[in-house]
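Below is data-v7.cif, holding mmCIF, C-alpha atoms and all ligand atoms.
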```cif
data_query
#
loop_
_atom_site.label_atom_id
_atom_site.label_comp_id
_atom_site.auth_asym_id
_atom_site.auth_seq_id
_atom_site.Cartn_x
_atom_site.Cartn_y
_atom_site.Cartn_z
CA MET A 262 -118.41 40.52 -107.63
CA LEU A 263 -120.67 37.81 -106.35
CA ALA A 264 -117.65 35.57 -105.77
CA ALA A 265 -115.91 38.35 -103.86
CA LEU A 266 -118.95 38.92 -101.69
CA SER A 267 -119.35 35.26 -100.86
CA LEU A 268 -115.66 35.06 -100.00
CA LEU A 269 -116.17 37.97 -97.65
CA ALA A 270 -119.21 36.26 -96.14
CA LEU A 271 -117.18 33.08 -95.70
CA ALA A 272 -114.40 35.08 -94.02
CA LEU A 273 -116.91 36.60 -91.59
CA VAL A 274 -118.32 33.19 -90.73
CA THR A 275 -114.98 31.48 -90.25
CA SER A 276 -113.30 34.14 -88.12
CA PRO A 277 -115.66 34.81 -85.25
CA ALA A 278 -114.48 36.45 -82.05
CA ALA A 279 -111.84 34.14 -80.59
CA ALA A 280 -113.30 31.16 -78.78
CA PHE A 281 -113.64 31.54 -75.03
CA ILE A 282 -112.96 28.25 -73.36
CA GLU A 283 -113.51 27.56 -69.69
CA CYS A 284 -111.95 24.56 -67.98
CA ASN A 285 -113.81 24.50 -64.69
CA VAL A 286 -112.07 22.58 -61.91
CA LEU A 287 -115.48 21.27 -60.75
CA ASP A 288 -115.51 19.13 -63.92
CA TYR A 289 -112.12 17.62 -63.03
CA GLY A 290 -112.63 16.43 -59.48
CA ALA A 291 -112.72 19.61 -57.42
CA VAL A 292 -115.44 19.99 -54.81
CA ALA A 293 -116.23 23.32 -53.15
CA ASP A 294 -116.47 21.61 -49.76
CA ASN A 295 -113.23 23.03 -48.29
CA THR A 296 -112.09 19.44 -47.71
CA THR A 297 -111.33 17.81 -51.07
CA ASP A 298 -107.82 18.65 -52.30
CA LEU A 299 -107.98 21.16 -55.15
CA GLY A 300 -104.44 20.29 -56.32
CA PRO A 301 -105.18 17.19 -58.43
CA ALA A 302 -108.20 18.89 -60.05
CA LEU A 303 -106.08 21.89 -61.07
CA THR A 304 -103.52 19.56 -62.63
CA LYS A 305 -106.12 17.44 -64.39
CA ALA A 306 -108.07 20.40 -65.76
CA TRP A 307 -104.82 21.91 -67.00
CA THR A 308 -103.48 18.82 -68.73
CA THR A 309 -106.71 17.50 -70.21
CA CYS A 310 -108.66 20.68 -70.91
CA VAL A 311 -106.39 23.76 -71.00
CA ILE A 312 -103.33 22.44 -72.81
CA PRO A 313 -105.17 20.82 -75.76
CA GLN A 314 -107.34 23.88 -76.30
CA VAL A 315 -104.78 26.69 -76.24
CA THR A 316 -104.55 27.78 -79.86
CA THR A 317 -103.87 31.50 -79.62
CA THR A 318 -101.57 33.80 -77.69
CA VAL A 319 -104.46 35.59 -76.00
CA ALA A 320 -104.22 34.36 -72.41
CA THR A 321 -107.85 35.17 -71.61
CA ASN A 322 -109.15 32.88 -74.35
CA VAL A 323 -108.62 29.76 -72.24
CA LEU A 324 -109.42 29.84 -68.55
CA LEU A 325 -108.45 27.38 -65.90
CA TYR A 326 -111.37 28.37 -63.74
CA VAL A 327 -111.79 28.07 -59.98
CA PRO A 328 -115.38 29.21 -59.45
CA ALA A 329 -116.89 30.83 -56.37
CA GLY A 330 -116.86 28.55 -53.34
CA ASN A 331 -114.44 27.33 -50.70
CA PHE A 332 -111.63 25.02 -51.81
CA LEU A 333 -108.87 23.37 -49.82
CA LEU A 334 -105.44 23.18 -51.45
CA LYS A 335 -103.29 20.60 -49.73
CA SER A 336 -100.74 19.63 -52.36
CA ASN A 337 -98.25 21.51 -54.55
CA VAL A 338 -99.24 22.22 -58.14
CA VAL A 339 -96.61 22.85 -60.83
CA PHE A 340 -97.58 24.23 -64.22
CA ASP A 341 -94.43 23.48 -66.20
CA ASP A 342 -93.94 24.88 -69.73
CA ALA A 343 -97.23 26.76 -69.38
CA ALA A 344 -98.14 29.32 -72.05
CA ASN A 345 -101.00 31.52 -73.15
CA TRP A 346 -103.75 30.84 -70.65
CA ASN A 347 -105.46 32.30 -67.61
CA LEU A 348 -105.72 30.89 -64.09
CA HIS A 349 -108.89 32.65 -63.04
CA ILE A 350 -109.63 32.30 -59.33
CA ALA A 351 -113.13 33.47 -58.41
CA GLY A 352 -113.41 31.45 -55.21
CA ASN A 353 -111.54 31.15 -51.93
CA ILE A 354 -108.62 28.77 -51.67
CA TYR A 355 -107.55 27.70 -48.18
CA LEU A 356 -104.37 26.03 -47.04
CA PRO A 357 -104.76 23.51 -44.26
CA PHE A 358 -102.28 23.24 -41.43
CA LEU A 359 -100.30 20.21 -42.53
CA PRO A 360 -96.82 19.95 -41.03
CA SER A 361 -95.69 17.90 -44.03
CA LEU A 362 -96.73 20.58 -46.53
CA THR A 363 -93.66 22.29 -48.04
CA GLY A 364 -92.38 23.77 -51.32
CA THR A 365 -94.59 26.22 -53.21
CA MET A 366 -98.34 25.77 -53.54
CA LEU A 367 -98.71 27.18 -57.07
CA THR A 368 -95.64 27.23 -59.34
CA PHE A 369 -95.49 28.36 -62.94
CA GLU A 370 -92.23 27.20 -64.44
CA ASN A 371 -90.67 28.02 -67.83
CA CYS A 372 -93.80 29.90 -68.61
CA GLN A 373 -94.90 32.52 -71.05
CA ASN A 374 -97.89 34.85 -71.20
CA ILE A 375 -99.85 33.57 -68.20
CA LEU A 376 -102.49 35.65 -66.45
CA LEU A 377 -103.28 34.79 -62.83
CA ASN A 378 -106.24 36.84 -61.66
CA GLY A 379 -109.05 37.08 -59.14
CA PRO A 380 -111.37 38.31 -57.77
CA GLY A 381 -110.78 35.36 -55.44
CA ALA A 382 -108.39 34.94 -52.57
CA ILE A 383 -105.88 32.50 -51.13
CA PHE A 384 -105.83 32.07 -47.36
CA GLY A 385 -102.51 30.65 -46.18
CA ASN A 386 -103.29 30.10 -42.51
CA GLY A 387 -99.63 30.87 -41.90
CA TYR A 388 -100.15 31.63 -38.23
CA ARG A 389 -100.89 27.96 -37.59
CA TYR A 390 -97.41 27.01 -38.86
CA ARG A 391 -95.66 29.39 -36.46
CA PRO A 392 -97.67 29.36 -33.25
CA GLY A 393 -96.57 32.08 -30.87
CA GLY A 394 -94.35 33.48 -33.62
CA ASN A 395 -92.04 30.48 -33.57
CA LEU A 396 -90.43 30.44 -37.02
CA ALA A 397 -88.33 27.38 -36.17
CA LEU A 398 -91.20 25.01 -35.54
CA ASN A 399 -92.04 24.22 -39.20
CA PRO A 400 -89.04 25.71 -41.03
CA SER A 401 -89.94 24.25 -44.42
CA ARG A 402 -93.54 25.45 -44.34
CA PRO A 403 -94.90 26.29 -47.79
CA ARG A 404 -94.67 29.41 -49.92
CA LEU A 405 -97.63 30.55 -51.96
CA ILE A 406 -96.95 31.53 -55.60
CA ARG A 407 -93.86 31.34 -57.77
CA PHE A 408 -93.19 32.30 -61.37
CA GLN A 409 -89.87 30.62 -62.15
CA ASN A 410 -88.20 31.44 -65.45
CA CYS A 411 -91.35 33.12 -66.74
CA ASN A 412 -91.80 35.97 -69.20
CA ASN A 413 -94.70 38.27 -70.03
CA CYS A 414 -96.84 37.06 -67.13
CA GLU A 415 -99.32 39.03 -65.08
CA ILE A 416 -100.77 38.60 -61.61
CA THR A 417 -103.60 40.83 -60.49
CA ALA A 418 -106.81 41.17 -58.48
CA VAL A 419 -106.19 38.15 -56.30
CA THR A 420 -105.86 38.76 -52.56
CA LEU A 421 -103.32 36.75 -50.63
CA TYR A 422 -103.67 36.25 -46.90
CA ASP A 423 -101.03 35.08 -44.46
CA ALA A 424 -98.83 32.64 -46.35
CA PRO A 425 -96.89 30.24 -44.14
CA GLN A 426 -93.80 31.68 -45.92
CA PHE A 427 -93.19 34.06 -48.85
CA HIS A 428 -96.18 35.17 -50.91
CA VAL A 429 -95.12 35.99 -54.50
CA THR A 430 -91.76 35.29 -56.13
CA ILE A 431 -91.28 36.28 -59.76
CA ILE A 432 -88.15 35.32 -61.70
CA GLY A 433 -88.02 36.22 -65.39
CA ASN A 434 -88.54 39.14 -67.74
CA ASN A 435 -91.35 41.57 -68.55
CA ASN A 436 -93.71 40.36 -65.84
CA VAL A 437 -96.26 42.57 -64.09
CA ALA A 438 -97.91 42.37 -60.67
CA HIS A 439 -100.58 44.98 -60.06
CA ASP A 440 -103.78 45.99 -58.32
CA MET A 441 -103.71 43.41 -55.58
CA ALA A 442 -103.18 43.12 -51.85
CA ILE A 443 -101.17 40.89 -49.57
CA ILE A 444 -102.20 40.82 -45.92
CA ALA A 445 -100.17 38.72 -43.50
CA SER A 446 -98.96 38.38 -39.93
CA HIS A 447 -96.42 40.96 -38.77
CA ILE A 448 -93.63 38.44 -38.68
CA GLY A 449 -90.47 37.49 -40.64
CA GLU A 450 -90.28 35.25 -43.71
CA THR A 451 -93.56 36.55 -45.08
CA ASP A 452 -92.12 38.45 -48.08
CA GLY A 453 -94.68 40.18 -50.28
CA PHE A 454 -93.14 40.45 -53.76
CA ASP A 455 -89.59 39.20 -54.45
CA MET A 456 -88.64 40.17 -57.99
CA SER A 457 -85.70 39.35 -60.22
CA GLY A 458 -85.04 39.43 -63.95
CA ASN A 459 -85.30 42.23 -66.47
CA ASN A 460 -88.00 44.85 -66.92
CA ASN A 461 -90.43 43.57 -64.33
CA TYR A 462 -93.07 45.99 -63.08
CA VAL A 463 -95.07 46.14 -59.84
CA HIS A 464 -97.71 48.81 -59.43
CA ASP A 465 -100.75 49.67 -57.33
CA VAL A 466 -100.22 46.99 -54.72
CA SER A 467 -100.39 46.98 -50.96
CA VAL A 468 -98.52 44.70 -48.63
CA GLU A 469 -99.04 44.24 -44.91
CA ASN A 470 -96.63 41.76 -43.33
CA GLY A 471 -93.45 41.64 -41.28
CA ASP A 472 -90.84 41.26 -44.00
CA GLU A 473 -90.05 42.40 -47.58
CA CYS A 474 -92.69 44.60 -49.19
CA VAL A 475 -91.67 44.90 -52.87
CA THR A 476 -88.05 43.80 -53.11
CA VAL A 477 -85.49 43.35 -55.87
CA LYS A 478 -83.20 40.36 -55.97
CA THR A 479 -80.23 39.64 -58.22
CA PRO A 480 -79.92 39.54 -61.20
CA THR A 481 -82.09 42.48 -62.24
CA ASN A 482 -81.67 44.91 -65.10
CA GLY A 483 -84.63 47.27 -65.28
CA PHE A 484 -87.31 47.27 -62.61
CA VAL A 485 -90.09 49.73 -61.86
CA ALA A 486 -92.35 49.88 -58.80
CA GLU A 487 -95.02 52.56 -58.53
CA ARG A 488 -97.85 53.36 -56.13
CA ILE A 489 -96.95 50.90 -53.42
CA THR A 490 -98.29 50.80 -49.86
CA CYS A 491 -96.27 48.92 -47.24
CA LYS A 492 -97.57 48.37 -43.71
CA PHE A 493 -95.59 46.74 -40.91
CA THR A 494 -93.12 45.49 -43.52
CA ALA A 495 -89.33 45.45 -43.70
CA GLY A 496 -89.52 47.92 -46.58
CA CYS A 497 -88.78 48.13 -50.28
CA ASN A 498 -85.30 46.73 -50.56
CA ILE A 499 -82.57 45.45 -52.80
CA GLY A 500 -81.07 42.19 -51.51
CA SER A 501 -80.07 40.38 -49.65
CA PHE A 502 -78.27 38.23 -52.15
CA GLY A 503 -76.93 35.24 -50.31
CA ASP A 504 -73.58 34.48 -48.81
CA ALA A 505 -70.17 33.33 -50.00
CA ASN A 506 -69.16 35.24 -53.14
CA THR A 507 -72.68 35.40 -54.54
CA ALA A 508 -72.56 37.22 -57.88
CA VAL A 509 -74.66 40.40 -57.82
CA ASN A 510 -75.85 42.42 -60.79
CA VAL A 511 -78.69 44.86 -60.06
CA GLN A 512 -79.07 47.89 -62.33
CA ASN A 513 -81.61 50.47 -63.43
CA VAL A 514 -84.17 50.21 -60.65
CA PHE A 515 -86.84 52.87 -60.16
CA TYR A 516 -89.34 53.17 -57.30
CA SER A 517 -91.86 55.96 -57.07
CA ASP A 518 -94.87 56.95 -55.02
CA VAL A 519 -94.47 54.62 -52.04
CA THR A 520 -95.84 54.87 -48.52
CA VAL A 521 -94.17 52.90 -45.76
CA SER A 522 -95.58 52.83 -42.24
CA ASN A 523 -94.69 51.07 -38.98
CA SER A 524 -91.81 49.25 -40.62
CA ASP A 525 -88.50 47.69 -39.60
CA ALA A 526 -86.82 49.44 -42.54
CA GLY A 527 -87.85 51.83 -45.27
CA ILE A 528 -85.44 51.44 -48.15
CA MET A 529 -82.48 49.13 -47.74
CA ILE A 530 -79.73 47.94 -50.01
CA LYS A 531 -78.44 44.99 -48.09
CA SER A 532 -75.62 42.61 -48.89
CA TYR A 533 -73.10 40.29 -47.39
CA PRO A 534 -69.56 41.72 -47.46
CA ASP A 535 -68.30 38.88 -49.68
CA ASN A 536 -70.84 39.47 -52.48
CA VAL A 537 -69.22 40.21 -55.83
CA GLY A 538 -70.58 42.55 -58.46
CA ILE A 539 -72.52 45.78 -58.85
CA VAL A 540 -75.62 47.60 -57.68
CA LYS A 541 -75.95 50.66 -59.89
CA ASN A 542 -78.36 53.37 -61.06
CA ILE A 543 -81.06 53.03 -58.44
CA THR A 544 -83.71 55.75 -57.94
CA TYR A 545 -86.23 56.15 -55.14
CA THR A 546 -88.61 59.06 -55.53
CA GLY A 547 -91.75 60.15 -53.72
CA PHE A 548 -91.60 58.14 -50.49
CA THR A 549 -93.70 58.96 -47.46
CA PHE A 550 -92.65 57.30 -44.22
CA SER A 551 -94.39 57.09 -40.91
CA ALA A 552 -92.70 55.39 -37.99
CA ALA A 553 -90.18 53.66 -40.25
CA ALA A 554 -87.04 52.40 -38.55
CA TYR A 555 -83.93 52.77 -40.74
CA PRO A 556 -85.70 54.83 -43.42
CA LEU A 557 -82.69 55.06 -45.77
CA TYR A 558 -80.10 52.37 -45.23
CA ILE A 559 -77.30 50.94 -47.33
CA SER A 560 -75.36 48.14 -45.69
CA ALA A 561 -72.57 46.08 -47.18
CA PHE A 562 -72.48 44.21 -43.90
CA TRP A 563 -76.13 43.34 -43.44
CA ALA A 564 -75.19 39.74 -42.70
CA GLY A 565 -72.17 37.51 -43.04
CA ASN A 566 -68.72 37.38 -41.54
CA GLY A 567 -67.97 41.11 -41.67
CA VAL A 568 -64.70 40.74 -43.62
CA ASP A 569 -64.48 43.73 -45.97
CA THR A 570 -63.59 42.26 -49.36
CA GLY A 571 -64.72 45.35 -51.31
CA LYS A 572 -65.93 43.22 -54.18
CA LEU A 573 -69.40 44.73 -54.36
CA ALA A 574 -69.62 48.21 -55.92
CA ILE A 575 -72.71 50.22 -55.02
CA SER A 576 -73.09 53.43 -57.01
CA ASP A 577 -75.45 56.02 -58.47
CA VAL A 578 -78.22 55.74 -55.90
CA THR A 579 -80.66 58.67 -55.75
CA PHE A 580 -83.10 59.39 -52.94
CA ASN A 581 -85.51 62.10 -54.03
CA ASP A 582 -88.55 63.67 -52.39
CA ILE A 583 -88.54 61.55 -49.24
CA THR A 584 -90.57 62.79 -46.29
CA GLY A 585 -92.11 61.66 -43.04
CA THR A 586 -91.02 60.16 -39.77
CA GLY A 587 -88.46 57.61 -38.73
CA THR A 588 -88.03 56.28 -35.21
CA PRO A 589 -86.23 57.97 -32.30
CA THR A 590 -83.58 55.27 -31.82
CA ARG A 591 -82.45 54.89 -35.46
CA PRO A 592 -80.71 57.29 -37.85
CA ALA A 593 -82.64 58.70 -40.82
CA VAL A 594 -79.74 57.86 -43.12
CA LEU A 595 -77.35 55.02 -42.41
CA LEU A 596 -74.67 54.24 -44.95
CA ASP A 597 -72.32 51.42 -43.98
CA CYS A 598 -70.25 50.66 -47.07
CA ASN A 599 -67.02 48.86 -47.93
CA ALA A 600 -63.76 50.63 -47.14
CA ALA A 601 -62.11 49.08 -50.19
CA THR A 602 -64.96 50.05 -52.55
CA PRO A 603 -66.94 52.88 -51.01
CA CYS A 604 -70.50 53.62 -52.11
CA LYS A 605 -70.27 56.25 -54.82
CA ASN A 606 -72.62 58.99 -56.05
CA ILE A 607 -75.22 58.60 -53.35
CA LYS A 608 -77.48 61.60 -53.91
CA PHE A 609 -80.16 63.04 -51.67
CA THR A 610 -82.60 65.68 -52.84
CA GLY A 611 -85.67 66.80 -50.96
CA VAL A 612 -85.09 64.41 -48.08
CA THR A 613 -86.86 65.60 -44.91
CA LEU A 614 -87.18 62.96 -42.23
CA THR A 615 -88.02 63.76 -38.65
CA GLY A 616 -88.05 61.95 -35.34
CA THR A 617 -84.77 60.12 -35.92
CA GLU A 618 -81.20 59.93 -34.64
CA ALA A 619 -78.42 61.74 -36.52
CA ASN A 620 -77.25 60.32 -39.83
CA GLN A 621 -74.35 57.84 -39.83
CA ILE A 622 -72.15 57.71 -42.91
CA LYS A 623 -69.22 55.39 -43.42
CA ASN A 624 -67.30 54.86 -46.68
CA ALA A 625 -69.74 56.68 -48.93
CA CYS A 626 -69.62 59.81 -51.07
CA GLY A 627 -72.30 61.87 -52.75
CA SER A 628 -74.35 64.96 -52.08
CA GLY A 629 -77.41 66.47 -50.48
CA ILE A 630 -77.13 65.72 -46.78
CA THR A 631 -74.79 67.01 -44.14
CA GLY A 632 -71.96 64.67 -43.36
CA ILE A 633 -71.56 63.06 -46.76
CA PRO A 634 -68.30 63.94 -48.53
CA ALA A 635 -68.33 64.82 -52.22
CA CYS A 636 -67.02 62.10 -54.54
C1 LIG B 1 -111.67 26.10 -44.83
O1 LIG B 1 -110.69 25.30 -44.23
C2 LIG B 1 -109.61 26.02 -43.69
C3 LIG B 1 -108.52 25.04 -43.31
O2 LIG B 1 -108.96 24.10 -42.43
C4 LIG B 1 -110.12 26.88 -42.55
O3 LIG B 1 -109.06 27.61 -41.98
C5 LIG B 1 -111.16 27.82 -43.09
O4 LIG B 1 -111.72 28.59 -42.05
C6 LIG B 1 -112.26 27.06 -43.82
N1 LIG B 1 -113.10 28.03 -44.51
C7 LIG B 1 -114.42 28.05 -44.35
C8 LIG B 1 -115.17 29.10 -45.09
O5 LIG B 1 -115.00 27.26 -43.63
C1 LIG B 2 -80.99 54.48 -65.02
O1 LIG B 2 -82.21 53.81 -64.78
C2 LIG B 2 -83.31 54.45 -65.35
C3 LIG B 2 -84.54 53.67 -64.91
O2 LIG B 2 -84.71 53.88 -63.57
C4 LIG B 2 -83.19 54.51 -66.84
O3 LIG B 2 -84.28 55.19 -67.40
C5 LIG B 2 -81.90 55.20 -67.21
O4 LIG B 2 -81.72 55.13 -68.60
C6 LIG B 2 -80.73 54.54 -66.50
N1 LIG B 2 -79.52 55.31 -66.74
C7 LIG B 2 -78.43 54.77 -67.26
C8 LIG B 2 -77.27 55.68 -67.39
O5 LIG B 2 -78.37 53.59 -67.61
#
```
Since I need it in another form, could you write the structure as structure tokens?
Amino acid sequence: MLAALSLLALALVTSPAAAFIECNVLDYGAVADNTTDLGPALTKAWTTCVIPQVTTTVATNVLLYVPAGNFLLKSNVVFDDAANWNLHIAGNIYLPFLPSLTGTMLTFENCQNILLNGPGAIFGNGYRYRPGGNLALNPSRPRLIRFQNCNNCEITAVTLYDAPQFHVTIIGNNNVAHDMAIIASHIGETDGFDMSGNNNYVHDVSVENGDECVTVKTPTNGFVAERITCKFTAGCNIGSFGDANTAVNVQNVFYSDVTVSNSDAGIMIKSYPDNVGIVKNITYTGFTFSAAAYPLYISAFWAGNGVDTGKLAISDVTFNDITGTGTPTRPAVLLDCNAATPCKNIKFTGVTLTGTEANQIKNACGSGITGIPAC
């Protein structure tokens, strides 16, 4: 009895709440003076403090911590083979205008179970890279955040402002982006969230920019987006996929509860005519548009040489409960599909869009709007 009790006591002493370890960048060369480059300090804190101390699979047990304060990030940081830790940004990170700066500022590669969270912010100063809206001046200007070949990662509560190029790219499986905002110039090449892989999830985010809001790239099997707000964006899209026989496999995509205002497009499936593969079982439900050009648009000829190869099959796309306003010079529904492989089972239920031109339907079959033939 006594032995059992002392064993229990020993067990209580030796298994305390998991250790909480903080690797503060200030201890590894960072200075909150908005001048010293934060990049080397992030790398050093990660390699010498985070990596040796990760002993569990609870990401929040080991923090790579950027405290409150103003930090300048002027070099790319790559966390390769990262697993089971938390990049916790409490401060403000600024990008300088450096014409030589390119690539991606923060990359997680081959990673697993990483949490990137705020409440801090990253300020991209993108407008300085494209003065007067000139996208050609610094064409290789940097992107902000990339999860490349990463699974079970999460990004939340960090606010991203005006990246020189795309904001968040996530490639991998079972990743989540949620409860965060992206606020950028109303200009192209400022994508909000570009997602590919299986079973990724984006929810409760807002994006203001001039390009993709929350967009699916190939390959994707299983994607959900819910409670999304898009302002001045190019909409919530699938594609584009690249040119020249790019293989496409996008299936089982579900968007719900999305508002899109003042946008260049609402929902687009956009490909080159020589893409090869399938886009199938796609559902959009609960969209509210205001002043959205091209609210519902499927185009096999979005870009490229226009030759109709018919090698991309788009099918089983449902638009449900879609209301609001388009723009007076664009159709509410525009379907421009392959003649050789028409879009099949395109269904519309509860679609009421006003302030638009008449629908235009070419090489598509389905139900629910006037002008679409049954399959
Ligand atoms: C930090 O530096 C950046 C880049 O030069 C600048 O845009 C930003 O305004 C500065 N932030 C503060 C708080 O001074
Ligand atoms: C279609 O996708 C949804 C997710 O949006 C999924 O629940 C459903 O099982 C898929 N249907 C088929 C036939 O695969």
Which of these residues is nearest to A:Thr610, using only C-alpha atoms: A:Ile282, A:Val578, A:Met441, A:Val468?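 Smallest distance to A:Thr610 is found for A:Val578.
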List all protein, DNA and RNA residues that have at least one atom no more than 7 Å from any atom of ligand LIG 1 (chain B), counting all atoms listed in the file, and write them as a ChimeraX atom specification. /A:295-296,331,333,355-358,386
Straight-line distance linking atom CA of A:Ala600 with atom CA of A:Ala505, stated in Å to one decimal: 18.7 Å
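For the set A:Val485, A:Cys497, A:Ala291, A:Ala552, the residue with the smallest atom-to-atom gap to ligand LIG 2 (chain B) is A:Val485, counting only C-alpha atoms and all ligand atoms.
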Let me see if you get this right: every residue at most 10 Å from ligand LIG 2 (chain B), counting only C-alpha atoms and all ligand atoms, written as a list in words.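 Taking only C-alpha atoms and all ligand atoms into account, the residues around ligand LIG 2 (chain B) at most 10 Å away are Asn460, Asn482, Gly483, Phe484, Val485, Ala486, Gln512, Asn513, Val514, Phe515, Tyr516, Ser517, Lys541, Asn542, Ile543, Thr544, Tyr545, Asp577 and Val578 of chain A.
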Quick one: 5 Å padding each side, axis-aligned, all listed atoms of stretch 320-338 of chain A - centre and edge lengths in Å to one decimal, as JSON?
```
{"center_x": -107.6, "center_y": 27.4, "center_z": -62.0, "size_x": 28.6, "size_y": 25.5, "size_z": 34.6}
```
Selection as a list in words: residues within 12 Å of (-75.3, 63.9, -38.2), counting only C-alpha atoms: Arg591, Pro592, Ala593, Val594, Leu595, Leu596, Thr617, Glu618, Ala619, Asn620, Gln621, Ile622, Lys623, Ile630, Thr631, Gly632 and Ile633 of chain A
Need to verify the contact set: A:Ile583, 6 Å, all atoms listed in the file, exclusion of same-chain residues closer than 3 positions in sequence. Can you return it as a PyMOL selection string? chain A and resi 547-548+612
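You will find atom CA of A:Thr318 at 5.1 Å from atom CA of A:Asn345.
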Given the point (-95.6, 33.7, -62.2) in the coordinates of this file, which residues lie within 8 Å, counting all atoms listed in the file, and how would they look as a short mmCIF file (atom, residue, chain, number, x, y, z; two decimals) with C-alpha atoms, in the coordinates of the input?
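After the write, point.cif holds the following:
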```
data_model
loop_
_atom_site.label_atom_id
_atom_site.label_comp_id
_atom_site.auth_asym_id
_atom_site.auth_seq_id
_atom_site.Cartn_x
_atom_site.Cartn_y
_atom_site.Cartn_z
CA THR A 368 -95.64 27.23 -59.34
CA PHE A 369 -95.49 28.36 -62.94
CA GLU A 370 -92.23 27.20 -64.44
CA CYS A 372 -93.80 29.90 -68.61
CA ILE A 375 -99.85 33.57 -68.20
CA LEU A 377 -103.28 34.79 -62.83
CA ILE A 406 -96.95 31.53 -55.60
CA ARG A 407 -93.86 31.34 -57.77
CA PHE A 408 -93.19 32.30 -61.37
CA GLN A 409 -89.87 30.62 -62.15
CA CYS A 411 -91.35 33.12 -66.74
CA CYS A 414 -96.84 37.06 -67.13
CA GLU A 415 -99.32 39.03 -65.08
CA ILE A 416 -100.77 38.60 -61.61
CA THR A 430 -91.76 35.29 -56.13
CA ILE A 431 -91.28 36.28 -59.76
CA ILE A 432 -88.15 35.32 -61.70
CA ASN A 436 -93.71 40.36 -65.84
#
```
Residues at most 9 Å from A:Pro380, counting all atoms listed in the file, excluding those fewer than 6 positions away in the same chain, as an MDAnalysis selection string? chainID A and resid 349:352 417:420
Find the residues around A:Glu450 up to 8 Å (all atoms listed in the file counted), leave out those fewer than 5 positions away in its own chain, and share them as a list in words.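 So the residues in contact are Gln426, Phe427, Gly471 and Asp472 of chain A.
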Closest to A:Ala601 among A:Asp569, A:Asp582, A:Leu614, A:Asn413, using all atoms listed in the file?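 Using all atoms listed in the file, A:Ala601 sits closest to A:Asp569.
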So what do you get for atom CA of A:Gly565 versus atom CA of A:Asp504, distance-wise? 6.7 Å
Restricting to only C-alpha atoms, whichever of A:Ala553, A:Leu299, A:Val477, A:Val509 is closest to A:Thr590 is A:Ala553
Could you give me stretch 296-305 of chain A completed to N, CA, C and O atoms, formatted as a compact mmCIF listing (two decimals), keeping the file's coordinate frame?
```
# COMPACT_ATOMS: atom_id res chain seq x y z
N THR A 296 -112.67 20.66 -48.27
CA THR A 296 -112.09 19.44 -47.71
C THR A 296 -111.32 18.66 -48.78
O THR A 296 -110.19 18.23 -48.57
N THR A 297 -111.95 18.52 -49.95
CA THR A 297 -111.33 17.81 -51.07
C THR A 297 -110.13 18.62 -51.57
O THR A 297 -110.22 19.83 -51.72
N ASP A 298 -109.02 17.95 -51.83
CA ASP A 298 -107.82 18.65 -52.30
C ASP A 298 -108.03 19.21 -53.71
O ASP A 298 -108.33 18.47 -54.65
N LEU A 299 -107.83 20.51 -53.85
CA LEU A 299 -107.98 21.16 -55.15
C LEU A 299 -106.81 20.86 -56.09
O LEU A 299 -106.92 20.97 -57.32
N GLY A 300 -105.66 20.47 -55.52
CA GLY A 300 -104.44 20.29 -56.32
C GLY A 300 -104.60 19.36 -57.51
O GLY A 300 -104.36 19.76 -58.66
N PRO A 301 -105.05 18.11 -57.29
CA PRO A 301 -105.18 17.19 -58.43
C PRO A 301 -106.17 17.69 -59.49
O PRO A 301 -105.96 17.47 -60.68
N ALA A 302 -107.22 18.38 -59.08
CA ALA A 302 -108.20 18.89 -60.05
C ALA A 302 -107.59 20.00 -60.91
O ALA A 302 -107.84 20.08 -62.11
N LEU A 303 -106.77 20.85 -60.29
CA LEU A 303 -106.08 21.89 -61.07
C LEU A 303 -105.19 21.25 -62.12
O LEU A 303 -105.18 21.65 -63.29
N THR A 304 -104.44 20.23 -61.70
CA THR A 304 -103.52 19.56 -62.63
C THR A 304 -104.28 18.87 -63.75
O THR A 304 -103.92 18.97 -64.93
N LYS A 305 -105.35 18.18 -63.39
CA LYS A 305 -106.12 17.44 -64.39
C LYS A 305 -106.82 18.39 -65.38
O LYS A 305 -106.80 18.17 -66.59
```
